[in-house]
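Asker: Data: model_26.txt, compact mmCIF, C-alpha atoms and all ligand atoms.
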```
# COMPACT_ATOMS: atom_id res chain seq x y z
CA MET A 51 42.53 73.61 68.39
CA HIS A 52 38.87 72.86 69.30
CA ASP A 53 39.34 69.13 68.61
CA LEU A 54 42.49 69.05 70.74
CA ILE A 55 40.67 70.73 73.65
CA GLU A 56 37.84 68.17 73.39
CA LEU A 57 40.32 65.30 73.26
CA ILE A 58 42.18 66.56 76.33
CA ASN A 59 38.91 67.24 78.15
CA SER A 60 37.73 63.68 77.49
CA ALA A 61 40.84 62.39 79.30
CA LEU A 62 40.23 64.54 82.40
CA PRO A 63 38.26 63.05 85.33
CA GLN A 64 35.49 65.70 85.42
CA TYR A 65 35.47 66.37 89.16
CA GLN A 66 35.29 70.13 88.29
CA CYS A 67 37.22 70.65 91.53
CA GLY A 68 39.47 73.51 90.41
CA ARG A 69 42.58 72.01 92.00
CA CYS A 70 44.48 72.54 88.76
CA ASP A 71 44.02 76.28 89.36
CA THR A 72 41.39 76.68 86.64
CA PRO A 73 37.61 76.79 87.18
CA GLY A 74 37.05 73.22 85.90
CA CYS A 75 38.20 70.44 83.60
CA ARG A 76 37.35 72.03 80.25
CA PRO A 77 39.10 75.32 81.15
CA TYR A 78 42.15 73.28 82.14
CA ALA A 79 41.93 71.34 78.85
CA LYS A 80 42.00 74.69 77.05
CA GLU A 81 45.05 75.82 79.04
CA ILE A 82 46.90 72.58 78.28
CA ALA A 83 46.10 72.92 74.59
CA GLU A 84 47.54 76.43 74.74
CA GLY A 85 50.80 75.20 76.27
CA SER A 86 50.33 74.94 80.07
CA PRO A 87 51.91 71.92 81.82
CA TYR A 88 49.66 68.86 81.68
CA ASN A 89 50.60 67.49 85.13
CA ARG A 90 48.31 69.52 87.41
CA CYS A 91 45.27 67.23 87.62
CA VAL A 92 46.22 65.38 90.80
CA PRO A 93 42.69 63.88 91.23
CA GLY A 94 43.14 62.19 87.84
CA GLY A 95 46.31 60.41 89.04
CA LYS A 96 48.87 58.68 86.85
CA GLU A 97 46.24 57.22 84.53
CA THR A 98 45.11 60.69 83.45
CA LEU A 99 48.70 61.93 83.31
CA ASP A 100 49.68 59.13 80.90
CA LYS A 101 46.68 59.83 78.69
CA LEU A 102 47.53 63.53 78.55
CA GLN A 103 51.14 62.80 77.66
CA ALA A 104 49.99 60.54 74.80
CA ILE A 105 47.53 63.16 73.52
CA THR A 106 49.90 66.13 73.74
CA LYS A 107 52.97 64.13 72.61
CA ARG A 108 55.09 66.17 75.04
CA PRO A 109 57.97 64.85 77.19
CA PRO A 110 56.90 62.74 80.22
CA LEU A 111 56.20 64.55 83.51
CA THR A 112 55.36 63.49 87.05
CA LEU A 113 52.25 64.79 88.84
CA ASP A 114 52.74 68.21 90.40
CA ASP A 115 51.70 67.63 94.03
CA ASP A 116 51.38 71.38 94.62
CA TYR A 117 47.97 71.03 92.93
CA GLY A 118 46.70 68.22 95.19
CA PRO A 119 45.54 66.48 97.21
CA ALA A 120 43.82 63.68 95.32
CA LEU A 121 40.10 62.96 95.61
CA SER A 122 38.27 59.70 96.44
CA PRO A 123 35.17 58.33 94.68
CA GLN A 124 32.58 60.01 96.89
CA ILE A 125 29.49 62.18 97.08
CA ALA A 126 28.45 64.87 99.54
CA TYR A 127 25.59 64.44 101.98
CA ILE A 128 23.95 67.26 103.98
CA VAL A 129 22.91 66.48 107.55
CA GLU A 130 19.43 67.97 107.34
CA ASP A 131 18.86 68.64 111.03
CA GLU A 132 22.00 70.76 111.27
CA CYS A 133 21.65 72.78 108.03
CA ILE A 134 20.76 76.46 108.65
CA GLY A 135 19.93 77.21 104.99
CA CYS A 136 22.65 79.83 104.46
CA LYS A 137 23.09 78.86 100.75
CA LYS A 138 26.89 79.09 100.86
CA CYS A 139 27.24 75.53 99.56
CA ILE A 140 25.02 76.31 96.54
CA ASP A 141 27.34 79.12 95.48
CA ALA A 142 30.35 76.83 95.82
CA CYS A 143 29.01 73.85 93.87
CA PRO A 144 30.40 73.81 90.32
CA VAL A 145 27.74 71.47 88.92
CA ASP A 146 24.55 72.72 90.62
CA ALA A 147 24.20 69.50 92.58
CA ILE A 148 22.75 71.30 95.62
CA VAL A 149 19.24 72.70 95.77
CA GLY A 150 17.64 74.83 98.44
CA SER A 151 16.55 78.36 99.29
CA ALA A 152 17.46 80.82 102.00
CA ASN A 153 16.68 79.63 105.52
CA LEU A 154 15.40 76.26 104.28
CA MET A 155 16.98 72.85 104.35
CA HIS A 156 19.35 72.07 101.48
CA GLY A 157 19.87 68.77 99.70
CA VAL A 158 22.47 67.20 97.40
CA ILE A 159 21.32 65.60 94.14
CA SER A 160 23.41 62.46 94.44
CA GLU A 161 23.18 61.74 90.70
CA LEU A 162 25.07 64.97 89.97
CA CYS A 163 27.56 65.31 92.83
CA THR A 164 31.13 64.71 91.65
CA GLY A 165 32.54 64.67 95.20
CA CYS A 166 34.73 67.69 94.41
CA GLU A 167 34.65 68.84 98.09
CA LEU A 168 34.18 72.51 97.16
CA CYS A 169 31.08 72.81 99.35
CA ILE A 170 32.74 71.48 102.51
CA GLU A 171 34.87 74.45 103.57
CA PRO A 172 32.24 77.23 103.06
CA CYS A 173 29.64 75.49 105.29
CA PRO A 174 29.62 77.49 108.55
CA VAL A 175 28.11 74.68 110.63
CA ASP A 176 30.14 71.82 109.15
CA CYS A 177 27.05 69.79 108.29
CA ILE A 178 28.22 68.40 104.92
CA GLU A 179 29.67 64.91 105.02
CA LEU A 180 31.35 62.84 102.33
CA VAL A 181 30.17 59.32 101.60
CA GLU A 182 32.37 56.88 99.70
CA ILE A 183 30.92 55.31 96.55
CA GLU A 184 32.17 52.77 94.00
CA THR A 185 34.65 54.07 91.42
CA THR A 186 32.41 52.96 88.53
CA LYS A 187 29.46 54.88 89.95
CA SER A 188 31.61 57.94 90.56
CA LYS A 189 32.81 57.86 86.94
CA ILE A 190 29.23 57.73 85.60
CA ILE A 191 28.23 60.70 87.78
CA ARG A 192 31.31 62.72 86.78
CA ASP A 193 30.72 62.13 83.07
CA ARG A 194 27.11 63.21 83.47
CA SER A 195 27.95 66.25 85.57
CA GLU A 196 30.20 67.63 82.86
CA LYS A 197 27.05 68.56 80.89
CA PHE A 198 25.66 70.46 83.86
CA PHE A 199 28.96 72.22 84.36
CA ASP A 200 28.78 73.40 80.76
CA LEU A 201 25.14 74.43 81.16
CA LYS A 202 25.95 76.43 84.28
CA ASN A 203 28.77 78.22 82.48
CA ILE A 204 26.43 79.14 79.63
CA LEU A 205 23.91 80.49 82.16
CA ASN A 206 26.55 82.50 83.99
CA THR A 207 27.99 83.95 80.80
CA GLY A 208 24.59 85.16 79.60
CA LEU A 209 23.29 86.35 82.96
CA SER A 210 23.95 90.07 82.69
CA LYS A 211 22.75 90.57 79.13
CA ASN A 212 19.81 88.25 78.70
CA SER A 213 16.54 89.23 80.35
CA LYS A 214 14.88 85.95 79.36
CA LEU A 215 17.65 84.15 81.14
CA ASN A 216 17.10 86.26 84.24
CA LYS A 217 13.47 85.16 84.13
CA ASN A 218 14.63 81.57 84.06
CA ILE A 219 16.89 82.09 87.03
CA LYS A 220 13.92 83.57 88.90
CA LEU A 221 11.85 80.58 87.89
CA ASN A 222 14.55 78.26 89.19
CA ILE A 223 14.55 80.05 92.54
CA GLU A 224 10.76 79.82 92.77
CA LEU A 225 10.90 76.14 91.91
CA GLY A 226 13.57 75.69 94.56
CA MET A 227 11.48 77.41 97.23
CA ASN A 228 8.41 75.45 96.29
CA MET A 229 10.36 72.21 96.35
CA ASN A 230 11.96 73.01 99.67
CA SER A 231 8.68 73.71 101.40
CA LYS A 232 7.43 70.36 100.15
CA ILE A 233 10.60 68.62 101.22
CA SER A 234 10.60 70.13 104.68
CA ASN A 235 6.99 69.05 105.12
CA ARG A 236 8.15 65.52 104.20
CA LYS A 237 5.07 65.06 102.02
CA ILE A 238 6.99 63.83 98.99
CA ASP A 239 9.95 61.59 98.21
CA GLN A 240 13.05 63.83 98.34
CA LYS A 241 15.06 62.00 95.69
CA ASN A 242 12.28 62.12 93.10
CA ALA A 243 11.43 65.71 94.01
CA LEU A 244 15.00 66.85 93.43
CA LYS A 245 15.17 64.98 90.15
CA LYS A 246 11.91 66.62 89.03
CA LEU A 247 13.32 70.03 89.95
CA GLN A 248 16.37 69.54 87.73
CA ILE A 249 14.18 68.31 84.88
CA ASP A 250 11.89 71.35 85.26
CA ILE A 251 14.93 73.62 85.10
CA LEU A 252 16.22 71.90 81.97
CA GLU A 253 12.78 72.01 80.32
CA SER A 254 12.69 75.75 80.99
CA GLN A 255 15.96 76.16 79.04
CA LYS A 256 14.48 74.67 75.85
CA ASN A 257 12.73 77.85 74.74
CA GLU A 258 15.79 79.98 75.31
CA LYS A 259 17.82 78.04 72.72
CA LEU A 260 20.99 78.43 74.78
CA LEU A 261 21.65 74.73 74.44
CA ASP A 262 20.81 72.41 71.60
CA SER A 263 17.41 70.79 72.34
CA THR A 264 18.82 67.28 71.72
CA GLU A 265 21.52 68.05 74.26
CA ILE A 266 18.83 69.04 76.78
CA GLU A 267 16.82 65.89 75.99
CA ASP A 268 19.96 63.84 76.53
CA LEU A 269 20.49 65.44 79.95
CA ILE A 270 16.85 64.82 80.89
CA ASN A 271 17.09 61.17 79.78
CA ARG A 272 20.19 60.72 81.89
CA LEU A 273 18.32 61.98 84.94
CA ASN A 274 15.36 59.64 84.32
S1 LIG B 301 39.46 67.09 87.99
FE1 LIG B 301 39.91 68.98 89.09
S2 LIG B 301 42.14 69.16 88.95
FE2 LIG B 301 41.52 67.68 87.40
S3 LIG B 301 41.24 68.91 85.52
FE3 LIG B 301 39.24 68.73 86.50
S4 LIG B 301 39.09 70.60 87.73
FE4 LIG B 301 41.26 70.35 87.26
S1 LIG B 302 27.66 68.93 96.28
FE1 LIG B 302 29.67 69.53 97.09
S2 LIG B 302 31.00 67.79 96.64
FE2 LIG B 302 29.15 67.55 95.39
S3 LIG B 302 29.67 68.50 93.42
FE3 LIG B 302 28.69 70.08 94.66
S4 LIG B 302 30.37 71.16 95.69
FE4 LIG B 302 31.19 69.23 94.91
S1 LIG B 303 26.51 75.75 103.65
FE1 LIG B 303 25.92 74.23 105.20
S2 LIG B 303 24.42 75.29 106.51
FE2 LIG B 303 24.65 76.52 104.65
S3 LIG B 303 22.95 75.76 103.35
FE3 LIG B 303 24.79 74.58 102.80
S4 LIG B 303 24.68 72.75 104.07
FE4 LIG B 303 23.24 74.21 104.94
```
Can I see the file as structure tokens?
Answerer:
Amino acid sequence: MHDLIELINSALPQYQCGRCDTPGCRPYAKEIAEGSPYNRCVPGGKETLDKLQAITKRPPLTLDDDYGPALSPQIAYIVEDECIGCKKCIDACPVDAIVGSANLMHGVISELCTGCELCIEPCPVDCIELVEIETTKSKIIRDRSEKFFDLKNILNTGLSKNSKLNKNIKLNIELGMNMNSKISNRKIDQKNALKKLQIDILESQKNEKLLDSTEIEDLINRLN
């Protein structure tokens, strides 16, 4: 069963958008493996549908448009001057591609944003825009973001019962606040600062042994 889930997951587009009515691509892969219809990933289009039919060896289906609409290759961009720092977008982002702290400007890590659009609707001042990118670039970002989606799920699962993990979350928040004050003072390059923040967060996970250290190194190398 595990191999089948991995195979199905590898055919999914990794937007982590939840349009298939599950909280991400891997959860949907699990549902398909357990018998759910394989035609609910509208963002994946016909290409994904055909791959899923070949993997599952089930009768052909057409895409179920009730689970749409489709998504374009894109990333989110926050208009800094309009952002009020309410943090609602952070809670909505499935891959932790947004950093920021309460009442401070927020930013999107473009190397991690899948363009899933989940942050758009919660923003009370409508200051998140979508910027089109090349399909190839979008695919690279989505493949990479899958690892962060998994990492976030591990963090969330352990949150209530792991005090060390809580310490890490606190550390992440402190790092975020520190980074934001630097960013708002415009003393450092935002892109590099955000990348460093993610690397610091990943480094802090090494001691907790929640993820394999080679996996963490791989994620760090991808960011560099
Ligand atoms: S891309 Fe969106 S709709 Fe498709 S499987 Fe992933 S989470 Fe579901
Ligand atoms: S920043 Fe917005 S569009 Fe990008 S991955 Fe996060 S929620 Fe989706
Ligand atoms: S939801 Fe909008 S206003 Fe609130 S922090 Fe995010 S970008 Fe800024």
Asker: Given all atoms listed in the file as the basis, pick out the residue of A:Ala104, A:Leu57, A:Val129, A:Met51 nearest to A:Glu84.
Answerer: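 Once distances to A:Glu84 are computed over all atoms listed in the file, the minimum belongs to A:Met51.
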Asker: Considering only C-alpha atoms and all ligand atoms, tabulate each residue of chain A that lies at most 6 Å from ligand LIG 301 (chain B) along with its nearest interatomic pair and the corresponding distance in Å to one decimal; arrange the rows by chain and ascending residue number and present them as a tab-separated table.
Answerer:
```
residue	atom	partner	partner_atom	distance
A:Leu62	CA	B:LIG301	S3	5.5
A:Pro63	CA	B:LIG301	S1	5.0
A:Gln64	CA	B:LIG301	S1	4.9
A:Tyr65	CA	B:LIG301	S1	4.2
A:Gln66	CA	B:LIG301	S4	3.9
A:Cys67	CA	B:LIG301	FE1	4.0
A:Gly68	CA	B:LIG301	S4	4.0
A:Arg69	CA	B:LIG301	S2	4.2
A:Cys70	CA	B:LIG301	S2	4.1
A:Gly74	CA	B:LIG301	S4	3.8
A:Cys75	CA	B:LIG301	FE3	3.5
A:Tyr78	CA	B:LIG301	S3	5.6
A:Cys91	CA	B:LIG301	FE2	3.8
A:Val92	CA	B:LIG301	S2	5.9
A:Pro93	CA	B:LIG301	FE2	5.5
A:Gly94	CA	B:LIG301	FE2	5.7
```
Asker: Show me which residues line ligand LIG 302 (chain B), defined as having an atom within 6 Å of a ligand atom where only C-alpha atoms and all ligand atoms count, and present them as an mmCIF file with C-alpha atoms, in the coordinates of the input.
Answerer:
```cif
data_model
loop_
_atom_site.group_PDB
_atom_site.id
_atom_site.type_symbol
_atom_site.label_atom_id
_atom_site.label_comp_id
_atom_site.auth_asym_id
_atom_site.auth_seq_id
_atom_site.Cartn_x
_atom_site.Cartn_y
_atom_site.Cartn_z
ATOM 1 C CA ILE A 125 29.490 62.180 97.080
ATOM 2 C CA ALA A 126 28.450 64.870 99.540
ATOM 3 C CA ALA A 142 30.350 76.830 95.820
ATOM 4 C CA CYS A 143 29.010 73.850 93.870
ATOM 5 C CA PRO A 144 30.400 73.810 90.320
ATOM 6 C CA VAL A 145 27.740 71.470 88.920
ATOM 7 C CA ALA A 147 24.200 69.500 92.580
ATOM 8 C CA ILE A 148 22.750 71.300 95.620
ATOM 9 C CA VAL A 158 22.470 67.200 97.400
ATOM 10 C CA CYS A 163 27.560 65.310 92.830
ATOM 11 C CA THR A 164 31.130 64.710 91.650
ATOM 12 C CA GLY A 165 32.540 64.670 95.200
ATOM 13 C CA CYS A 166 34.730 67.690 94.410
ATOM 14 C CA GLU A 167 34.650 68.840 98.090
ATOM 15 C CA LEU A 168 34.180 72.510 97.160
ATOM 16 C CA CYS A 169 31.080 72.810 99.350
#
```
Asker: Restricting the calculation to all atoms listed in the file, which member of A:Gly135, A:Ile190, A:Val181, A:Ser195 is positioned closest to ligand LIG 303 (chain B)?
Answerer: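 Ranked by minimum distance to ligand LIG 303 (chain B), first place goes to A:Gly135.
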Asker: Please return as an NGL selection string the residues found within 12 Å of ligand LIG 303 (chain B), counting only C-alpha atoms and all ligand atoms.
Answerer: :A and (126-143 or 147-158 or 168-179 or 230)
Asker: Work out how far atom CA of A:Arg272 is from atom CA of A:Gly95, in Å to one decimal.
Answerer: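 It comes out at 27.1 Å.
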Asker: Interatomic distance between atom CA of A:Asp53 and atom CA of A:Leu121?
Answerer: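 Value for the atom CA of A:Asp53-atom CA of A:Leu121 distance: 27.7 Å.
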Asker: Within 6 Å of A:Asn59, counting all atoms listed in the file, which residues qualify if same-chain residues fewer than 4 places away don't, as a PyMOL selection string?
Answerer: chain A and resi 55+76+79
Asker: Atom CA of A:Leu252 to atom CA of A:Glu56: how many Å, to one decimal?
Answerer: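 Between these atoms lies a distance of 23.6 Å.
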